[in-house]
file my_file_9.pdb (PDB, N, CA and C atoms)
ATOM      1  N   MET A   1     -19.046   0.499  24.105
ATOM      2  CA  MET A   1     -18.292   1.348  25.003
ATOM      3  C   MET A   1     -16.882   1.557  24.477
ATOM      4  N   ARG A   2     -16.230   0.467  24.030
ATOM      5  CA  ARG A   2     -14.858   0.586  23.534
ATOM      6  C   ARG A   2     -14.807   1.437  22.263
ATOM      7  N   THR A   3     -15.813   1.294  21.409
ATOM      8  CA  THR A   3     -15.845   2.058  20.169
ATOM      9  C   THR A   3     -15.941   3.554  20.477
ATOM     10  N   ALA A   4     -16.748   3.905  21.442
ATOM     11  CA  ALA A   4     -16.886   5.315  21.823
ATOM     12  C   ALA A   4     -15.574   5.851  22.382
ATOM     13  N   LEU A   5     -14.885   5.057  23.197
ATOM     14  CA  LEU A   5     -13.596   5.483  23.743
ATOM     15  C   LEU A   5     -12.569   5.662  22.632
ATOM     16  N   ARG A   6     -12.579   4.786  21.647
ATOM     17  CA  ARG A   6     -11.644   4.907  20.532
ATOM     18  C   ARG A   6     -11.920   6.167  19.720
ATOM     19  N   ILE A   7     -13.183   6.458  19.501
ATOM     20  CA  ILE A   7     -13.541   7.658  18.745
ATOM     21  C   ILE A   7     -13.112   8.909  19.495
ATOM     22  N   ILE A   8     -13.350   8.941  20.822
ATOM     23  CA  ILE A   8     -12.961  10.092  21.633
ATOM     24  C   ILE A   8     -11.440  10.233  21.652
ATOM     25  N   ALA A   9     -10.716   9.124  21.783
ATOM     26  CA  ALA A   9      -9.252   9.169  21.806
ATOM     27  C   ALA A   9      -8.712   9.646  20.460
ATOM     28  N   ALA A  10      -9.295   9.189  19.364
ATOM     29  CA  ALA A  10      -8.845   9.623  18.039
ATOM     30  C   ALA A  10      -9.123  11.104  17.833
ATOM     31  N   ALA A  11     -10.276  11.588  18.293
ATOM     32  CA  ALA A  11     -10.605  13.008  18.173
ATOM     33  C   ALA A  11      -9.648  13.855  19.008
ATOM     34  N   ALA A  12      -9.328  13.407  20.217
ATOM     35  CA  ALA A  12      -8.402  14.143  21.072
ATOM     36  C   ALA A  12      -7.001  14.175  20.468
ATOM     37  N   LEU A  13      -6.575  13.076  19.916
ATOM     38  CA  LEU A  13      -5.267  13.019  19.281
ATOM     39  C   LEU A  13      -5.210  13.922  18.057
ATOM     40  N   GLY A  14      -6.277  13.936  17.263
ATOM     41  CA  GLY A  14      -6.336  14.813  16.100
ATOM     42  C   GLY A  14      -6.331  16.278  16.493
ATOM     43  N   LEU A  15      -7.073  16.621  17.538
ATOM     44  CA  LEU A  15      -7.103  18.000  18.021
ATOM     45  C   LEU A  15      -5.736  18.411  18.557
ATOM     46  N   ALA A  16      -5.065  17.512  19.265
ATOM     47  CA  ALA A  16      -3.737  17.820  19.786
ATOM     48  C   ALA A  16      -2.740  18.019  18.642
ATOM     49  N   ALA A  17      -2.890  17.264  17.573
ATOM     50  CA  ALA A  17      -1.999  17.416  16.419
ATOM     51  C   ALA A  17      -2.231  18.745  15.721
ATOM     52  N   LEU A  18      -3.460  19.219  15.701
ATOM     53  CA  LEU A  18      -3.756  20.506  15.065
ATOM     54  C   LEU A  18      -3.282  21.681  15.916
ATOM     55  N   VAL A  19      -3.339  21.543  17.229
ATOM     56  CA  VAL A  19      -3.012  22.645  18.126
ATOM     57  C   VAL A  19      -1.507  22.819  18.266
ATOM     58  N   THR A  20      -0.759  21.734  18.372
ATOM     59  CA  THR A  20       0.687  21.844  18.592
ATOM     60  C   THR A  20       1.407  22.107  17.280
ATOM     61  N   PRO A  21       2.378  23.052  17.271
ATOM     62  CA  PRO A  21       3.137  23.335  16.045
ATOM     63  C   PRO A  21       4.149  22.220  15.781
ATOM     64  N   PRO A  22       4.487  21.960  14.516
ATOM     65  CA  PRO A  22       5.490  20.935  14.213
ATOM     66  C   PRO A  22       6.877  21.383  14.656
ATOM     67  N   ASP A  23       7.827  20.462  14.767
ATOM     68  CA  ASP A  23       9.191  20.799  15.179
ATOM     69  C   ASP A  23       9.805  21.769  14.186
ATOM     70  N   GLY A  24      10.539  22.751  14.701
ATOM     71  CA  GLY A  24      11.213  23.708  13.843
ATOM     72  C   GLY A  24      10.288  24.747  13.272
ATOM     73  N   ALA A  25       9.049  24.822  13.724
ATOM     74  CA  ALA A  25       8.110  25.810  13.199
ATOM     75  C   ALA A  25       8.466  27.179  13.747
ATOM     76  N   ALA A  26       8.147  28.203  12.983
ATOM     77  CA  ALA A  26       8.451  29.568  13.389
ATOM     78  C   ALA A  26       7.485  30.009  14.480
ATOM     79  N   VAL A  27       7.884  31.005  15.239
ATOM     80  CA  VAL A  27       7.033  31.572  16.270
ATOM     81  C   VAL A  27       5.872  32.276  15.580
ATOM     82  N   ALA A  28       4.708  32.329  16.204
ATOM     83  CA  ALA A  28       3.504  32.858  15.566
ATOM     84  C   ALA A  28       3.679  34.296  15.092
ATOM     85  N   GLY A  29       4.476  35.114  15.770
ATOM     86  CA  GLY A  29       4.658  36.501  15.382
ATOM     87  C   GLY A  29       5.654  36.674  14.251
ATOM     88  N   SER A  30       6.447  35.713  13.939
ATOM     89  CA  SER A  30       7.490  35.832  12.919
ATOM     90  C   SER A  30       6.926  35.482  11.549
ATOM     91  N   THR A  31       7.192  36.345  10.552
ATOM     92  CA  THR A  31       6.718  36.088   9.194
ATOM     93  C   THR A  31       7.866  35.831   8.235
ATOM     94  N   SER A  32       9.111  35.811   8.724
ATOM     95  CA  SER A  32      10.261  35.668   7.834
ATOM     96  C   SER A  32      10.498  34.212   7.411
ATOM     97  N   ALA A  33      10.065  33.250   8.212
ATOM     98  CA  ALA A  33      10.303  31.844   7.882
ATOM     99  C   ALA A  33       9.213  31.342   6.947
ATOM    100  N   ALA A  34       9.622  30.568   5.945
ATOM    101  CA  ALA A  34       8.666  30.004   4.992
ATOM    102  C   ALA A  34       8.147  28.676   5.526
ATOM    103  N   ALA A  35       6.945  28.329   5.142
ATOM    104  CA  ALA A  35       6.344  27.060   5.568
ATOM    105  C   ALA A  35       7.001  25.919   4.803
ATOM    106  N   PRO A  36       7.219  24.774   5.438
ATOM    107  CA  PRO A  36       7.835  23.641   4.741
ATOM    108  C   PRO A  36       6.885  23.079   3.688
ATOM    109  N   PRO A  37       7.424  22.521   2.598
ATOM    110  CA  PRO A  37       6.551  21.938   1.571
ATOM    111  C   PRO A  37       5.801  20.738   2.124
ATOM    112  N   THR A  38       4.570  20.572   1.669
ATOM    113  CA  THR A  38       3.750  19.493   2.190
ATOM    114  C   THR A  38       3.546  18.354   1.205
ATOM    115  N   ASP A  39       3.665  18.611  -0.102
ATOM    116  CA  ASP A  39       3.436  17.517  -1.052
ATOM    117  C   ASP A  39       4.722  16.709  -1.232
ATOM    118  N   LEU A  40       4.582  15.464  -1.618
ATOM    119  CA  LEU A  40       5.714  14.556  -1.706
ATOM    120  C   LEU A  40       6.696  14.920  -2.807
ATOM    121  N   SER A  41       6.232  15.545  -3.886
ATOM    122  CA  SER A  41       7.133  15.849  -4.987
ATOM    123  C   SER A  41       8.105  16.958  -4.629
ATOM    124  N   ALA A  42       7.767  17.797  -3.669
ATOM    125  CA  ALA A  42       8.641  18.892  -3.289
ATOM    126  C   ALA A  42       9.676  18.465  -2.256
ATOM    127  N   GLN A  43       9.482  17.329  -1.646
ATOM    128  CA  GLN A  43      10.432  16.873  -0.642
ATOM    129  C   GLN A  43      11.662  16.285  -1.313
ATOM    130  N   GLN A  44      12.743  16.295  -0.571
ATOM    131  CA  GLN A  44      14.000  15.782  -1.119
ATOM    132  C   GLN A  44      13.901  14.270  -1.306
ATOM    133  N   GLN A  45      14.289  13.812  -2.502
ATOM    134  CA  GLN A  45      14.240  12.395  -2.814
ATOM    135  C   GLN A  45      15.645  11.911  -3.109
ATOM    136  N   LYS A  46      15.871  10.618  -2.922
ATOM    137  CA  LYS A  46      17.172  10.036  -3.247
ATOM    138  C   LYS A  46      17.348  10.017  -4.758
ATOM    139  N   PRO A  47      18.562  10.260  -5.232
ATOM    140  CA  PRO A  47      18.771  10.174  -6.679
ATOM    141  C   PRO A  47      18.630   8.726  -7.143
ATOM    142  N   PRO A  48      18.149   8.507  -8.366
ATOM    143  CA  PRO A  48      17.973   7.122  -8.839
ATOM    144  C   PRO A  48      19.319   6.412  -8.971
ATOM    145  N   ARG A  49      19.316   5.136  -8.632
ATOM    146  CA  ARG A  49      20.544   4.348  -8.724
ATOM    147  C   ARG A  49      20.787   3.919 -10.150
ATOM    148  N   ARG A  50      22.048   3.912 -10.546
ATOM    149  CA  ARG A  50      22.401   3.414 -11.860
ATOM    150  C   ARG A  50      22.397   1.888 -11.813
ATOM    151  N   PRO A  51      21.998   1.235 -12.897
ATOM    152  CA  PRO A  51      22.012  -0.226 -12.891
ATOM    153  C   PRO A  51      23.452  -0.750 -12.825
ATOM    154  N   THR A  52      23.616  -1.881 -12.171
ATOM    155  CA  THR A  52      24.929  -2.492 -12.043
ATOM    156  C   THR A  52      25.361  -3.082 -13.377
ATOM    157  N   ARG A  53      26.558  -2.751 -13.790
ATOM    158  CA  ARG A  53      27.079  -3.277 -15.052
ATOM    159  C   ARG A  53      28.162  -4.299 -14.742
ATOM    160  N   ILE A  54      28.079  -5.436 -15.395
ATOM    161  CA  ILE A  54      29.060  -6.503 -15.211
ATOM    162  C   ILE A  54      29.782  -6.711 -16.533
ATOM    163  N   THR A  55      31.094  -6.634 -16.501
ATOM    164  CA  THR A  55      31.897  -6.852 -17.702
ATOM    165  C   THR A  55      32.461  -8.266 -17.656
ATOM    166  N   VAL A  56      32.235  -9.021 -18.723
ATOM    167  CA  VAL A  56      32.723 -10.385 -18.809
ATOM    168  C   VAL A  56      33.932 -10.395 -19.736
ATOM    169  N   VAL A  57      35.074 -10.828 -19.205
ATOM    170  CA  VAL A  57      36.279 -10.920 -20.010
ATOM    171  C   VAL A  57      36.700 -12.387 -20.010
ATOM    172  N   PRO A  58      36.422 -13.117 -21.094
ATOM    173  CA  PRO A  58      36.776 -14.530 -21.124
ATOM    174  C   PRO A  58      38.277 -14.707 -21.376
ATOM    175  N   LEU A  59      38.726 -15.935 -21.259
ATOM    176  CA  LEU A  59      40.128 -16.244 -21.570
ATOM    177  C   LEU A  59      40.399 -15.964 -23.038
ATOM    178  N   SER A  60      41.659 -15.867 -23.403
ATOM    179  CA  SER A  60      42.003 -15.531 -24.785
ATOM    180  C   SER A  60      41.619 -16.648 -25.766
ATOM    181  N   ARG A  61      41.323 -17.840 -25.274
ATOM    182  CA  ARG A  61      40.948 -18.944 -26.159
ATOM    183  C   ARG A  61      39.507 -18.831 -26.643
ATOM    184  N   TYR A  62      38.706 -18.027 -25.990
ATOM    185  CA  TYR A  62      37.289 -17.917 -26.338
ATOM    186  C   TYR A  62      37.013 -16.651 -27.132
ATOM    187  N   TYR A  63      36.022 -16.714 -28.005
ATOM    188  CA  TYR A  63      35.563 -15.544 -28.736
ATOM    189  C   TYR A  63      34.066 -15.678 -28.972
ATOM    190  N   ARG A  64      33.438 -14.571 -29.365
ATOM    191  CA  ARG A  64      31.999 -14.582 -29.626
ATOM    192  C   ARG A  64      31.761 -14.929 -31.081
ATOM    193  N   LYS A  65      31.045 -16.011 -31.331
ATOM    194  CA  LYS A  65      30.689 -16.421 -32.674
ATOM    195  C   LYS A  65      29.232 -16.027 -32.886
ATOM    196  N   CYS A  66      28.987 -15.117 -33.839
ATOM    197  CA  CYS A  66      27.640 -14.590 -34.052
ATOM    198  C   CYS A  66      27.162 -14.922 -35.461
ATOM    199  N   ASP A  67      25.917 -15.287 -35.564
ATOM    200  CA  ASP A  67      25.264 -15.523 -36.855
ATOM    201  C   ASP A  67      24.207 -14.438 -37.044
ATOM    202  N   PHE A  68      24.173 -13.863 -38.250
ATOM    203  CA  PHE A  68      23.204 -12.818 -38.587
ATOM    204  C   PHE A  68      22.390 -13.275 -39.787
ATOM    205  N   TRP A  69      21.101 -12.970 -39.789
ATOM    206  CA  TRP A  69      20.260 -13.285 -40.932
ATOM    207  C   TRP A  69      19.035 -12.371 -40.934
ATOM    208  N   LEU A  70      18.346 -12.356 -42.044
ATOM    209  CA  LEU A  70      17.104 -11.599 -42.166
ATOM    210  C   LEU A  70      15.941 -12.580 -42.123
ATOM    211  N   ALA A  71      14.907 -12.255 -41.373
ATOM    212  CA  ALA A  71      13.750 -13.131 -41.237
ATOM    213  C   ALA A  71      12.477 -12.337 -41.512
ATOM    214  N   VAL A  72      11.468 -13.021 -42.012
ATOM    215  CA  VAL A  72      10.177 -12.401 -42.283
ATOM    216  C   VAL A  72       9.290 -12.573 -41.053
ATOM    217  N   GLN A  73       8.753 -11.452 -40.553
ATOM    218  CA  GLN A  73       7.809 -11.494 -39.442
ATOM    219  C   GLN A  73       6.432 -11.114 -39.982
ATOM    220  N   HIS A  74       5.451 -11.916 -39.648
ATOM    221  CA  HIS A  74       4.082 -11.671 -40.095
ATOM    222  C   HIS A  74       3.382 -10.798 -39.063
ATOM    223  N   ARG A  75       3.103  -9.551 -39.428
ATOM    224  CA  ARG A  75       2.453  -8.591 -38.537
ATOM    225  C   ARG A  75       1.096  -8.212 -39.107
ATOM    226  N   PRO A  76       0.222  -7.659 -38.252
ATOM    227  CA  PRO A  76      -1.111  -7.266 -38.749
ATOM    228  C   PRO A  76      -1.048  -6.235 -39.875
ATOM    229  N   SER A  77      -0.018  -5.387 -39.881
ATOM    230  CA  SER A  77       0.095  -4.379 -40.926
ATOM    231  C   SER A  77       0.710  -4.939 -42.207
ATOM    232  N   GLY A  78       1.205  -6.167 -42.154
ATOM    233  CA  GLY A  78       1.825  -6.796 -43.320
ATOM    234  C   GLY A  78       3.136  -7.459 -42.942
ATOM    235  N   ASP A  79       3.694  -8.211 -43.867
ATOM    236  CA  ASP A  79       4.961  -8.890 -43.617
ATOM    237  C   ASP A  79       6.098  -7.872 -43.561
ATOM    238  N   VAL A  80       7.022  -8.101 -42.599
ATOM    239  CA  VAL A  80       8.150  -7.200 -42.395
ATOM    240  C   VAL A  80       9.419  -8.030 -42.326
ATOM    241  N   ILE A  81      10.483  -7.556 -42.978
ATOM    242  CA  ILE A  81      11.784  -8.225 -42.902
ATOM    243  C   ILE A  81      12.575  -7.561 -41.782
ATOM    244  N   THR A  82      13.023  -8.378 -40.802
ATOM    245  CA  THR A  82      13.753  -7.857 -39.656
ATOM    246  C   THR A  82      15.088  -8.572 -39.512
ATOM    247  N   PRO A  83      16.128  -7.858 -39.046
ATOM    248  CA  PRO A  83      17.416  -8.511 -38.811
ATOM    249  C   PRO A  83      17.354  -9.367 -37.542
ATOM    250  N   GLN A  84      18.014 -10.507 -37.578
ATOM    251  CA  GLN A  84      18.074 -11.424 -36.446
ATOM    252  C   GLN A  84      19.539 -11.701 -36.128
ATOM    253  N   GLN A  85      19.817 -12.077 -34.871
ATOM    254  CA  GLN A  85      21.182 -12.343 -34.444
ATOM    255  C   GLN A  85      21.174 -13.408 -33.364
ATOM    256  N   HIS A  86      22.171 -14.291 -33.408
ATOM    257  CA  HIS A  86      22.364 -15.289 -32.364
ATOM    258  C   HIS A  86      23.867 -15.415 -32.122
ATOM    259  N   CYS A  87      24.299 -15.241 -30.865
ATOM    260  CA  CYS A  87      25.721 -15.303 -30.528
ATOM    261  C   CYS A  87      25.959 -16.376 -29.458
ATOM    262  N   GLU A  88      27.153 -16.940 -29.484
ATOM    263  CA  GLU A  88      27.562 -17.923 -28.482
ATOM    264  C   GLU A  88      29.071 -17.866 -28.334
ATOM    265  N   TRP A  89      29.567 -18.354 -27.202
ATOM    266  CA  TRP A  89      31.009 -18.409 -26.987
ATOM    267  C   TRP A  89      31.556 -19.635 -27.705
ATOM    268  N   ALA A  90      32.714 -19.475 -28.351
ATOM    269  CA  ALA A  90      33.328 -20.586 -29.081
ATOM    270  C   ALA A  90      34.827 -20.608 -28.790
ATOM    271  N   LEU A  91      35.396 -21.789 -28.913
ATOM    272  CA  LEU A  91      36.852 -21.942 -28.728
ATOM    273  C   LEU A  91      37.575 -21.640 -30.025
ATOM    274  N   ARG A  92      38.766 -21.107 -29.934
ATOM    275  CA  ARG A  92      39.590 -20.855 -31.133
ATOM    276  C   ARG A  92      40.279 -22.115 -31.559
TER     277      ARG A  92
END
call {"tool": "encode", "arguments": {"input": "my_file_9.pdb", "output": "structure tokens"}}
result
Amino acid sequence: MRTALRIIAAAALGLAALVTPPDGAAVAGSTSAAAPPTDLSAQQQKPPRRPTRITVVPLSRYYRKCDFWLAVQHRPSGDVITPQQHCEWALR
């Protein structure tokens, strides 16, 4: 019994949604208003946020000490020489 009532209520709600015009819809006799876009890509979206950038300014006693070297990487296409880098903060 409850299932039948739910089906009837859902059908009535669907029919009511089809019969009633959406808010801001044009009058049936008017052809000057354009229909609103229905797909999600046409709707207005928020612009993407830029990632937050943090600038680190250490005291004047500190500096970045970096070591650079070339290393061999074994890849399926063959051995490749690639640049490597390691940095750390150091005291003057």
call {"tool": "atom_distance", "arguments": {"input": "my_file_9.pdb", "atom1": "atom N of A:Leu59", "atom2": "atom C of A:Cys87"}}
result
15.2 Å
call {"tool": "residues_around", "arguments": {"input": "my_file_9.pdb", "residues": "stretch 66-73 of chain A", "least_positions_apart": "4", "cutoff": "7 Å", "atoms": "all atoms listed in the file", "output": "list of chain:residue names"}}
result
A:Gly78, A:Asp79, A:Val80, A:Ile81, A:Thr82, A:Pro83, A:Gln84, A:Gln85, A:His86, A:Cys87, A:Glu88
call {"tool": "atom_distance", "arguments": {"input": "my_file_9.pdb", "atom1": "atom CA of A:Arg64", "atom2": "atom CA of A:Arg92"}}
result
10.0 Å
call {"tool": "build_atoms", "arguments": {"input": "my_file_9.pdb", "residues": "stretch 68-90 of chain A", "atoms": "N, CA, C and O atoms", "output": "PDB file, in the coordinates of the input"}}
result
ATOM      1  N   PHE A  68      24.173 -13.863 -38.250  1.00  0.00           N
ATOM      2  CA  PHE A  68      23.204 -12.818 -38.587  1.00  0.00           C
ATOM      3  C   PHE A  68      22.390 -13.275 -39.787  1.00  0.00           C
ATOM      4  O   PHE A  68      22.917 -13.905 -40.695  1.00  0.00           O
ATOM      5  N   TRP A  69      21.101 -12.970 -39.789  1.00  0.00           N
ATOM      6  CA  TRP A  69      20.260 -13.285 -40.932  1.00  0.00           C
ATOM      7  C   TRP A  69      19.035 -12.371 -40.934  1.00  0.00           C
ATOM      8  O   TRP A  69      18.764 -11.679 -39.963  1.00  0.00           O
ATOM      9  N   LEU A  70      18.346 -12.356 -42.044  1.00  0.00           N
ATOM     10  CA  LEU A  70      17.104 -11.599 -42.166  1.00  0.00           C
ATOM     11  C   LEU A  70      15.941 -12.580 -42.123  1.00  0.00           C
ATOM     12  O   LEU A  70      15.988 -13.627 -42.765  1.00  0.00           O
ATOM     13  N   ALA A  71      14.907 -12.255 -41.373  1.00  0.00           N
ATOM     14  CA  ALA A  71      13.750 -13.131 -41.237  1.00  0.00           C
ATOM     15  C   ALA A  71      12.477 -12.337 -41.512  1.00  0.00           C
ATOM     16  O   ALA A  71      12.413 -11.132 -41.268  1.00  0.00           O
ATOM     17  N   VAL A  72      11.468 -13.021 -42.012  1.00  0.00           N
ATOM     18  CA  VAL A  72      10.177 -12.401 -42.283  1.00  0.00           C
ATOM     19  C   VAL A  72       9.290 -12.573 -41.053  1.00  0.00           C
ATOM     20  O   VAL A  72       9.121 -13.679 -40.541  1.00  0.00           O
ATOM     21  N   GLN A  73       8.753 -11.452 -40.553  1.00  0.00           N
ATOM     22  CA  GLN A  73       7.809 -11.494 -39.442  1.00  0.00           C
ATOM     23  C   GLN A  73       6.432 -11.114 -39.982  1.00  0.00           C
ATOM     24  O   GLN A  73       6.284 -10.125 -40.689  1.00  0.00           O
ATOM     25  N   HIS A  74       5.451 -11.916 -39.648  1.00  0.00           N
ATOM     26  CA  HIS A  74       4.082 -11.671 -40.095  1.00  0.00           C
ATOM     27  C   HIS A  74       3.382 -10.798 -39.063  1.00  0.00           C
ATOM     28  O   HIS A  74       3.115 -11.237 -37.947  1.00  0.00           O
ATOM     29  N   ARG A  75       3.103  -9.551 -39.428  1.00  0.00           N
ATOM     30  CA  ARG A  75       2.453  -8.591 -38.537  1.00  0.00           C
ATOM     31  C   ARG A  75       1.096  -8.212 -39.107  1.00  0.00           C
ATOM     32  O   ARG A  75       0.849  -8.414 -40.297  1.00  0.00           O
ATOM     33  N   PRO A  76       0.222  -7.659 -38.252  1.00  0.00           N
ATOM     34  CA  PRO A  76      -1.111  -7.266 -38.749  1.00  0.00           C
ATOM     35  C   PRO A  76      -1.048  -6.235 -39.875  1.00  0.00           C
ATOM     36  O   PRO A  76      -1.899  -6.216 -40.756  1.00  0.00           O
ATOM     37  N   SER A  77      -0.018  -5.387 -39.881  1.00  0.00           N
ATOM     38  CA  SER A  77       0.095  -4.379 -40.926  1.00  0.00           C
ATOM     39  C   SER A  77       0.710  -4.939 -42.207  1.00  0.00           C
ATOM     40  O   SER A  77       0.746  -4.253 -43.217  1.00  0.00           O
ATOM     41  N   GLY A  78       1.205  -6.167 -42.154  1.00  0.00           N
ATOM     42  CA  GLY A  78       1.825  -6.796 -43.320  1.00  0.00           C
ATOM     43  C   GLY A  78       3.136  -7.459 -42.942  1.00  0.00           C
ATOM     44  O   GLY A  78       3.646  -7.287 -41.840  1.00  0.00           O
ATOM     45  N   ASP A  79       3.694  -8.211 -43.867  1.00  0.00           N
ATOM     46  CA  ASP A  79       4.961  -8.890 -43.617  1.00  0.00           C
ATOM     47  C   ASP A  79       6.098  -7.872 -43.561  1.00  0.00           C
ATOM     48  O   ASP A  79       6.159  -6.927 -44.347  1.00  0.00           O
ATOM     49  N   VAL A  80       7.022  -8.101 -42.599  1.00  0.00           N
ATOM     50  CA  VAL A  80       8.150  -7.200 -42.395  1.00  0.00           C
ATOM     51  C   VAL A  80       9.419  -8.030 -42.326  1.00  0.00           C
ATOM     52  O   VAL A  80       9.439  -9.092 -41.700  1.00  0.00           O
ATOM     53  N   ILE A  81      10.483  -7.556 -42.978  1.00  0.00           N
ATOM     54  CA  ILE A  81      11.784  -8.225 -42.902  1.00  0.00           C
ATOM     55  C   ILE A  81      12.575  -7.561 -41.782  1.00  0.00           C
ATOM     56  O   ILE A  81      12.783  -6.354 -41.788  1.00  0.00           O
ATOM     57  N   THR A  82      13.023  -8.378 -40.802  1.00  0.00           N
ATOM     58  CA  THR A  82      13.753  -7.857 -39.656  1.00  0.00           C
ATOM     59  C   THR A  82      15.088  -8.572 -39.512  1.00  0.00           C
ATOM     60  O   THR A  82      15.197  -9.756 -39.820  1.00  0.00           O
ATOM     61  N   PRO A  83      16.128  -7.858 -39.046  1.00  0.00           N
ATOM     62  CA  PRO A  83      17.416  -8.511 -38.811  1.00  0.00           C
ATOM     63  C   PRO A  83      17.354  -9.367 -37.542  1.00  0.00           C
ATOM     64  O   PRO A  83      16.714  -9.009 -36.566  1.00  0.00           O
ATOM     65  N   GLN A  84      18.014 -10.507 -37.578  1.00  0.00           N
ATOM     66  CA  GLN A  84      18.074 -11.424 -36.446  1.00  0.00           C
ATOM     67  C   GLN A  84      19.539 -11.701 -36.128  1.00  0.00           C
ATOM     68  O   GLN A  84      20.407 -11.595 -36.997  1.00  0.00           O
ATOM     69  N   GLN A  85      19.817 -12.077 -34.871  1.00  0.00           N
ATOM     70  CA  GLN A  85      21.182 -12.343 -34.444  1.00  0.00           C
ATOM     71  C   GLN A  85      21.174 -13.408 -33.364  1.00  0.00           C
ATOM     72  O   GLN A  85      20.301 -13.421 -32.495  1.00  0.00           O
ATOM     73  N   HIS A  86      22.171 -14.291 -33.408  1.00  0.00           N
ATOM     74  CA  HIS A  86      22.364 -15.289 -32.364  1.00  0.00           C
ATOM     75  C   HIS A  86      23.867 -15.415 -32.122  1.00  0.00           C
ATOM     76  O   HIS A  86      24.632 -15.640 -33.047  1.00  0.00           O
ATOM     77  N   CYS A  87      24.299 -15.241 -30.865  1.00  0.00           N
ATOM     78  CA  CYS A  87      25.721 -15.303 -30.528  1.00  0.00           C
ATOM     79  C   CYS A  87      25.959 -16.376 -29.458  1.00  0.00           C
ATOM     80  O   CYS A  87      25.098 -16.647 -28.632  1.00  0.00           O
ATOM     81  N   GLU A  88      27.153 -16.940 -29.484  1.00  0.00           N
ATOM     82  CA  GLU A  88      27.562 -17.923 -28.482  1.00  0.00           C
ATOM     83  C   GLU A  88      29.071 -17.866 -28.334  1.00  0.00           C
ATOM     84  O   GLU A  88      29.790 -17.379 -29.214  1.00  0.00           O
ATOM     85  N   TRP A  89      29.567 -18.354 -27.202  1.00  0.00           N
ATOM     86  CA  TRP A  89      31.009 -18.409 -26.987  1.00  0.00           C
ATOM     87  C   TRP A  89      31.556 -19.635 -27.705  1.00  0.00           C
ATOM     88  O   TRP A  89      30.966 -20.711 -27.678  1.00  0.00           O
ATOM     89  N   ALA A  90      32.714 -19.475 -28.351  1.00  0.00           N
ATOM     90  CA  ALA A  90      33.328 -20.586 -29.081  1.00  0.00           C
ATOM     91  C   ALA A  90      34.827 -20.608 -28.790  1.00  0.00           C
ATOM     92  O   ALA A  90      35.434 -19.583 -28.466  1.00  0.00           O
TER      93      ALA A  90
END
